[in-house]
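Colleague: Got a structure for you, written out below as structure tokens; questions coming shortly.
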Amino acid sequence: MATGARRKIVAGNWKMNKTVPEALALVRELRAQVAPLGDKVEVVVAPPFVALQAVHVALEGAPLQLAAQNCHWEASGAFTGEVSAPMLAELGCAYVIVGHSERRQFFGETDETVNKRAHAVKKAGMTPILCVGETLAEREANRTLEVVERQVRGALVGFEAADVAKFVLAYEPVWAIGTGRTATTAQAQEVHAAIRGLVARLYDGETAGRVRIQYGGSVKPDNAAELLGQPDVDGALVGGASLKAGDFLAIVKSAG
Ligand code: PGA
């Protein structure tokens, strides 16, 4: 499927890292260096909730988008410790990461709650970055495509083609996250093409041609260009390497 129409998107998922002063130091560095890279690549940062407000202010006018790492599906109410999608939209978030494997693994996230959160994100005027990916045991049992298909179908329940065309999907094999093990380019391309094929079956070819699919899992400056060069890889969701401005910018550059 043609890649020409899809603008690459590189997002830094900071996870539970960076205090507010540390977050500000990192975005100041990014801000200074990202502009000359032009608008070929969309660049997104996802700091922890407590740093969103400060980072939003620090990013004003910069070609960088803000994302949150999660949200609750209700707009407000008695949900101690949770943060809602309208609250994040008000802080300037354009994206919310939904269904990251760490949330599935450690915080009981299911395909159903991923879907509910995605609807809340869309309703609040933001775009979900929907994460899917198999565990090592699932890959070794040859169940990768079945698992990823179930997760994508589950995440997209109740959405129309016009919604999905704007969404970002992130294929993140769980065994490659934070482990230093990266999927080979062939492994990544195979799953990305399968996801795009599924979107074509569930919706239509045009939607499949427009939805962006990021790869995530130990993306580093030295493997980014090859992964991002695959026809169905439209960007990267970067964890560890997004915590250093130099590494993250090098990955952004290889997407351009
Ligand atoms: P990693 O994390 O780059 O540290 O492997 C990726 C992610 O979890 O999004």
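If you're wondering about the labels, chains in the structure tokens are A, B, ... by order shown, residues count from 1 in each chain, ligands from 1 in order shown.
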Considering only C-alpha atoms, return as a ChimeraX atom specification whatever protein or nucleic-acid residues lie within 8 Å of stretch 147-158 of chain A, sequence-local ones (same chain, fewer than 4 positions apart) excluded.

Modeller: /A:111-112,114-115,118,130,132-134,138,143,164,195,198

Colleague: Need to verify the contact set: A:Lys8, 10 Å, only C-alpha atoms, exclusion of same-chain residues closer than 2 positions in sequence. Can you return it as a list in words?

Modeller: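 Near A:Lys8, the qualifying residues are Thr3, Gly4, Ala5, Arg6, Val10, Asp39, Lys40, Val41, Glu42, Val43, Arg212, Ile213, Gln214, Leu228, Val233, Asp234, Gly235, Ala236, Val252, Ala255 and Gly256 of chain A.
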
Colleague: Produce a table with one row for each residue of chain A that has an atom at most 9 Å from any atom of ligand 1, each row naming the nearest atom pair and its distance in Å at one decimal; use only C-alpha atoms and all ligand atoms; arrange rows by chain and rising residue number; format as a Markdown table.

Modeller:
```
| residue | atom | partner | partner_atom_place_in_ligand_line | distance |
| --- | --- | --- | --- | --- |
| A:Ala11 | CA | ligand 1 | 9 (O) | 8.6 |
| A:Gly12 | CA | ligand 1 | 9 (O) | 7.6 |
| A:Asn13 | CA | ligand 1 | 9 (O) | 5.6 |
| A:Trp14 | CA | ligand 1 | 9 (O) | 8.4 |
| A:Lys15 | CA | ligand 1 | 8 (O) | 7.8 |
| A:His100 | CA | ligand 1 | 8 (O) | 7.0 |
| A:Ser101 | CA | ligand 1 | 8 (O) | 7.3 |
| A:Glu102 | CA | ligand 1 | 8 (O) | 7.4 |
| A:Cys131 | CA | ligand 1 | 9 (O) | 8.5 |
| A:Ala170 | CA | ligand 1 | 9 (O) | 8.4 |
| A:Glu172 | CA | ligand 1 | 9 (O) | 6.9 |
| A:Val174 | CA | ligand 1 | 8 (O) | 8.1 |
| A:Trp175 | CA | ligand 1 | 5 (O) | 8.9 |
| A:Ala176 | CA | ligand 1 | 5 (O) | 5.9 |
| A:Ile177 | CA | ligand 1 | 5 (O) | 3.4 |
| A:Gly178 | CA | ligand 1 | 5 (O) | 3.6 |
| A:Thr179 | CA | ligand 1 | 5 (O) | 6.3 |
| A:Gly180 | CA | ligand 1 | 5 (O) | 6.8 |
| A:Arg181 | CA | ligand 1 | 5 (O) | 8.1 |
| A:Thr182 | CA | ligand 1 | 5 (O) | 8.1 |
| A:Tyr215 | CA | ligand 1 | 9 (O) | 8.7 |
| A:Gly216 | CA | ligand 1 | 6 (C) | 5.0 |
| A:Gly217 | CA | ligand 1 | 5 (O) | 3.7 |
| A:Ser218 | CA | ligand 1 | 5 (O) | 3.5 |
| A:Val219 | CA | ligand 1 | 3 (O) | 5.1 |
| A:Lys220 | CA | ligand 1 | 3 (O) | 7.4 |
| A:Ala236 | CA | ligand 1 | 9 (O) | 8.5 |
| A:Leu237 | CA | ligand 1 | 9 (O) | 5.0 |
| A:Val238 | CA | ligand 1 | 3 (O) | 4.2 |
| A:Gly239 | CA | ligand 1 | 3 (O) | 3.4 |
| A:Gly240 | CA | ligand 1 | 4 (O) | 3.7 |
| A:Ala241 | CA | ligand 1 | 3 (O) | 6.0 |
| A:Ser242 | CA | ligand 1 | 3 (O) | 7.5 |
```

Colleague: Run DSSP on the backbone and grab whatever in stretch 38-189 of chain A lands in alpha helix (DSSP H); send it over as an MDAnalysis selection string.

Modeller: chainID A and resid 49:58 85:90 101:106 111:123 136:140 144:155 161:164 185:189

Colleague: Closest to A:Trp73 among A:His56, A:Lys166, A:Arg28, A:Lys122, using only C-alpha atoms?

Modeller: A:Lys122

Colleague: Could you give me the residues within stretch 53-167 of chain A that DSSP places in strand (DSSP E or B), as a PyMOL selection string?

Modeller: chain A and resi 65-68+72+84+93-98+127-132

Colleague: Between A:Gly92, A:Gly229, A:Thr135, A:Ala68, which is the closest to A:Gln105 once you count only C-alpha atoms?

Modeller: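 Smallest separation from A:Gln105 among the options: A:Thr135.
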